[in-house]
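**Student:** For reference, the file coords24.cif (mmCIF, C-alpha atoms) is included below:
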data_upload
#
loop_
_atom_site.label_atom_id
_atom_site.label_comp_id
_atom_site.auth_asym_id
_atom_site.auth_seq_id
_atom_site.Cartn_x
_atom_site.Cartn_y
_atom_site.Cartn_z
CA MET A 1 -93.96 136.44 8.12
CA SER A 2 -95.18 138.28 11.20
CA LEU A 3 -94.64 141.97 11.89
CA PHE A 4 -92.26 141.04 14.70
CA ASP A 5 -90.12 138.85 12.38
CA SER A 6 -90.01 141.64 9.77
CA LEU A 7 -88.88 144.23 12.34
CA ARG A 8 -86.19 141.88 13.69
CA LYS A 9 -84.84 141.28 10.16
CA VAL A 10 -84.72 145.02 9.35
CA THR A 11 -83.07 145.78 12.71
CA THR A 12 -80.43 143.06 12.20
CA MET A 13 -79.60 144.39 8.71
CA ALA A 14 -79.36 147.97 9.99
CA VAL A 15 -77.04 146.98 12.86
CA SER A 16 -74.85 144.98 10.48
CA ARG A 17 -74.51 147.93 8.08
CA TRP A 18 -73.81 150.31 10.96
CA ALA A 19 -71.08 147.99 12.35
CA LEU A 20 -69.46 147.65 8.92
CA GLY A 21 -69.46 151.43 8.50
CA LEU A 22 -67.88 151.87 11.92
CA VAL A 23 -65.08 149.39 11.09
CA VAL A 24 -64.33 151.12 7.77
CA ALA A 25 -64.33 154.57 9.40
CA ALA A 26 -62.02 153.41 12.19
CA GLY A 27 -59.63 151.96 9.63
CA LEU A 28 -59.55 155.18 7.62
CA CYS A 29 -59.04 157.33 10.71
CA GLY A 30 -56.24 155.11 11.96
CA CYS A 31 -54.35 155.57 8.71
CA GLU A 32 -54.46 159.35 8.91
CA GLN A 33 -53.31 159.69 12.52
CA GLY A 34 -49.76 158.47 11.81
CA GLY A 35 -49.40 157.12 15.32
CA GLY A 36 -46.58 154.60 14.87
CA GLY A 37 -46.61 153.94 11.18
CA ARG A 38 -43.77 154.79 8.84
CA GLU A 39 -43.29 155.81 5.24
CA PHE A 40 -42.52 153.10 2.73
CA LYS A 41 -39.06 153.17 1.21
CA GLU A 42 -37.72 151.67 -2.01
CA THR A 43 -36.33 148.74 0.02
CA ASP A 44 -39.92 147.88 1.02
CA ASN A 45 -40.81 147.34 -2.64
CA VAL A 46 -40.64 143.57 -3.02
CA GLN A 47 -42.33 141.23 -5.44
CA ASN A 48 -44.22 138.28 -4.03
CA THR A 49 -43.93 134.95 -5.81
CA ALA A 50 -45.86 131.76 -5.47
CA PRO A 51 -44.36 128.95 -3.34
CA GLY A 52 -41.92 126.85 -5.28
CA GLU A 53 -40.99 129.66 -7.66
CA VAL A 54 -38.21 131.13 -5.56
CA HIS A 55 -34.93 129.31 -5.91
CA VAL A 56 -31.81 129.77 -3.88
CA HIS A 57 -28.76 130.10 -6.12
CA GLY A 58 -25.31 128.83 -5.30
CA PRO A 59 -21.82 129.96 -6.30
CA ASN A 60 -22.11 128.16 -9.65
CA GLY A 61 -25.50 129.69 -10.53
CA GLY A 62 -27.51 126.55 -9.78
CA HIS A 63 -30.42 125.80 -7.47
CA ILE A 64 -29.61 124.81 -3.89
CA LEU A 65 -31.15 121.73 -2.30
CA GLU A 66 -30.65 120.27 1.16
CA LEU A 67 -29.16 116.81 0.94
CA GLY A 68 -28.70 115.52 4.46
CA GLU A 69 -25.65 117.20 5.98
CA TYR A 70 -24.72 118.70 2.61
CA HIS A 71 -26.12 121.29 0.30
CA ALA A 72 -26.36 120.21 -3.32
CA GLU A 73 -26.23 122.81 -6.07
CA ILE A 74 -27.83 121.50 -9.25
CA SER A 75 -27.45 123.26 -12.59
CA MET A 76 -28.08 122.49 -16.24
CA ASP A 77 -26.04 123.95 -19.09
CA ALA A 78 -28.42 125.53 -21.61
CA ALA A 79 -26.35 124.61 -24.68
CA SER A 80 -25.05 121.11 -23.86
CA ARG A 81 -27.94 120.18 -21.49
CA LYS A 82 -25.34 118.66 -19.12
CA ILE A 83 -26.56 118.44 -15.51
CA SER A 84 -24.00 119.19 -12.79
CA VAL A 85 -24.29 118.76 -9.03
CA HIS A 86 -21.83 120.39 -6.62
CA LEU A 87 -21.73 119.37 -2.95
CA LEU A 88 -21.33 122.44 -0.74
CA ASP A 89 -20.84 123.28 2.92
CA GLU A 90 -23.44 124.73 5.33
CA ALA A 91 -22.55 128.28 4.21
CA VAL A 92 -23.28 127.25 0.58
CA LYS A 93 -19.90 128.63 -0.50
CA ASN A 94 -17.22 125.96 -0.44
CA ALA A 95 -16.97 122.56 -2.11
CA VAL A 96 -17.23 119.50 0.15
CA PRO A 97 -15.58 116.49 -1.49
CA VAL A 98 -16.89 113.10 -0.38
CA ASP A 99 -14.90 109.87 -0.33
CA LYS A 100 -16.02 107.46 -3.07
CA GLY A 101 -19.47 109.04 -3.31
CA VAL A 102 -22.03 107.78 -5.81
CA MET A 103 -24.53 110.36 -7.08
CA SER A 104 -27.64 109.53 -9.09
CA VAL A 105 -30.57 111.55 -10.31
CA GLY A 106 -34.09 110.25 -10.90
CA LEU A 107 -35.63 112.39 -13.63
CA LEU A 108 -39.39 112.47 -13.96
CA VAL A 109 -40.76 112.54 -17.54
CA ASP A 110 -44.45 111.94 -18.32
CA GLY A 111 -45.08 110.67 -14.79
CA LYS A 112 -42.28 108.08 -14.92
CA GLU A 113 -38.97 108.40 -13.08
CA THR A 114 -35.80 107.14 -14.75
CA VAL A 115 -32.66 106.94 -12.59
CA PHE A 116 -29.29 107.94 -14.08
CA GLU A 117 -25.95 107.45 -12.34
CA MET A 118 -23.88 110.61 -12.52
CA THR A 119 -20.14 110.61 -13.27
CA ALA A 120 -17.69 111.87 -10.66
CA ALA A 121 -15.96 114.99 -12.03
CA PRO A 122 -13.44 116.03 -9.34
CA LEU A 123 -12.48 119.69 -9.13
CA GLU A 124 -8.83 120.60 -9.48
CA GLY A 125 -7.00 119.74 -6.27
CA GLU A 126 -9.47 117.13 -5.01
CA ALA A 127 -7.57 114.02 -3.86
CA ASP A 128 -7.98 110.58 -5.44
CA GLY A 129 -11.32 109.05 -4.61
CA LYS A 130 -12.75 112.32 -3.27
CA CYS A 131 -15.12 114.41 -5.32
CA SER A 132 -17.53 117.32 -4.82
CA ARG A 133 -18.85 117.56 -8.40
CA PHE A 134 -20.92 115.02 -10.32
CA GLU A 135 -22.19 115.29 -13.91
CA LEU A 136 -24.72 113.73 -16.25
CA ALA A 137 -23.86 114.16 -19.95
CA GLY A 138 -26.43 116.14 -21.92
CA ASP A 139 -27.02 113.31 -24.40
CA LYS A 140 -28.32 111.16 -21.51
CA VAL A 141 -30.84 113.80 -20.36
CA PRO A 142 -34.33 113.08 -21.77
CA THR A 143 -35.15 115.54 -24.59
CA ALA A 144 -38.39 116.56 -22.85
CA LEU A 145 -36.27 118.27 -20.18
CA SER A 146 -35.15 121.49 -21.80
CA ASP A 147 -33.83 123.49 -18.83
CA ILE A 148 -33.26 123.50 -15.07
CA GLU A 149 -36.86 124.62 -14.40
CA ALA A 150 -38.16 121.47 -16.13
CA LEU A 151 -36.25 119.10 -13.85
CA ALA A 152 -38.41 117.05 -11.51
CA GLY A 153 -37.62 113.91 -9.59
CA ASN A 154 -35.03 113.05 -6.94
CA LEU A 155 -31.34 113.45 -6.23
CA MET A 156 -29.58 110.63 -4.37
CA LEU A 157 -26.09 110.42 -2.83
CA LYS A 158 -24.50 107.31 -1.38
CA VAL A 159 -21.35 107.74 0.73
CA GLY A 160 -20.24 104.56 2.50
CA ASP A 161 -23.28 103.19 4.36
CA LYS A 162 -25.12 106.50 4.21
CA GLU A 163 -27.83 107.08 1.59
CA LEU A 164 -29.24 110.60 1.23
CA LYS A 165 -32.15 111.67 -0.96
CA THR A 166 -33.95 114.93 -1.76
CA SER A 167 -36.58 116.13 -4.19
CA LEU A 168 -35.52 118.34 -7.09
CA THR A 169 -38.71 120.37 -6.83
CA ASP A 170 -39.51 120.77 -3.13
CA ASP A 171 -39.27 124.22 -1.62
CA HIS A 172 -36.91 123.64 1.29
CA GLY A 173 -38.12 126.71 3.16
CA HIS A 174 -34.99 128.63 3.94
CA ASP A 175 -32.33 130.56 2.18
CA HIS A 176 -28.69 131.27 2.75
CA GLY A 177 -28.56 134.81 1.44
CA HIS A 178 -28.52 133.80 -2.19
CA ALA A 179 -32.20 134.12 -3.12
CA HIS A 180 -33.23 136.13 -6.14
#
Do you think you could lay out the structure here as structure tokens?

**Tutor:**
Amino acid sequence: MSLFDSLRKVTTMAVSRWALGLVVAAGLCGCEQGGGGREFKETDNVQNTAPGEVHVHGPNGGHILELGEYHAEISMDAASRKISVHLLDEAVKNAVPVDKGVMSVGLLVDGKETVFEMTAAPLEGEADGKCSRFELAGDKVPTALSDIEALAGNLMLKVGDKELKTSLTDDHGHDHGHAH
């Protein structure tokens, strides 16, 4: 290596270190000047979670999924293992009964999806043929699925000619004020 190459290398390293020091010093000075910053408050103290770990909860305590023009709230009873799905309005507050709807759930176990038709379980006051709640008895749920967090697969709703489908595990990217 020539003397010229050695001097260029030393000069480049020195300039790089000087520039790094200048950036660090500017950052430290900017923090102390208080020119537009604010103090943190308790409301600023939030916990970050990984994508897919935040679930939106509905009025029945279940996870909210977008299902076409509806919101579907899916829950699983810890004791009986029964899976329930409630169809809700855009505000995720009120039941939306559908006329002669057929709900099914495809549950993924060991990489294989098995589809189960859910039973219509109308809420009190829902007219004949209309239903906003569907259930799958706990004895039909594969034993490998122990709780709501273990559910993976798809939820399907057929109403007339319309067929709607959503994933049980996708993060749907928005909340309706019910996140935890």

**Student:** Extract, using all atoms listed in the file, all DNA, RNA and protein residues at most 8 Å from stretch 65-82 of chain A, discarding same-chain residues fewer than 3 positions from it, and format them as a list in words.

**Tutor:**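 In the requested form, the answer reads His57, Gly58, Asn60, Gly61, Gly62, Val85, His86, Leu87, Leu88, Asp89, Glu90, Val92, Val96, Glu135, Leu136, Ala137, Gly138, Asp139, Val141, Ser146, Asp147, Ile148, Leu164, Lys165, Thr166, Leu168 and His172 of chain A.
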
**Student:** Grab the atom CA of A:Asp161 to atom CA of A:Gly106 distance for me, in Å with one decimal place.

**Tutor:**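 Between these atoms lies a distance of 20.0 Å.
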
**Student:** Calculated over only C-alpha atoms, which of the candidates A:Ile83, A:Ala91, A:Ala150, A:Met156 has the smallest distance to A:Ala121?

**Tutor:**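 Ranking A:Ile83, A:Ala91, A:Ala150, A:Met156 by distance to A:Ala121, first place goes to A:Ile83.
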
**Student:** Kindly give the distance, in Å, that separates atom CA of A:Asp128 and atom CA of A:Glu163, rounded to a single decimal.

**Tutor:**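 Atom CA of A:Asp128 sits 21.3 Å away from atom CA of A:Glu163.
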
**Student:** What's the separation between atom CA of A:Glu124 and atom CA of A:Ser84, in Å to one decimal place?

**Tutor:** 15.6 Å

**Student:** Which residue gives the smallest distance to A:Glu126 among A:Pro97, A:Pro142, A:Glu113, A:Leu151, with all atoms listed in the file counted?

**Tutor:** A:Pro97

**Student:** So, counting all atoms listed in the file, which residue among A:Asn154, A:Ala144, A:Glu117, A:Lys100 is closest to A:Gly129?

**Tutor:**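 Smallest separation from A:Gly129 among the options: A:Lys100.
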
**Student:** For A:Arg133, which residue among A:Leu108, A:Lys162, A:Leu145, A:Thr119 is the nearest when counting all atoms listed in the file?

**Tutor:**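 That would be A:Thr119, the residue with the smallest distance to A:Arg133.
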
**Student:** Nearest to A:Val102: which of A:Lys130, A:Lys158, A:Lys140, A:His63 is it, counting only C-alpha atoms?

**Tutor:**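 Ranked by minimum distance to A:Val102, first place goes to A:Lys158.
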
**Student:** Between A:Thr143, A:Ser132, A:Thr169, A:Thr114, single out the one closest to A:Asn94, counting all atoms listed in the file.

**Tutor:**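 When distances to A:Asn94 are compared using all atoms listed in the file, the smallest one comes from A:Ser132.
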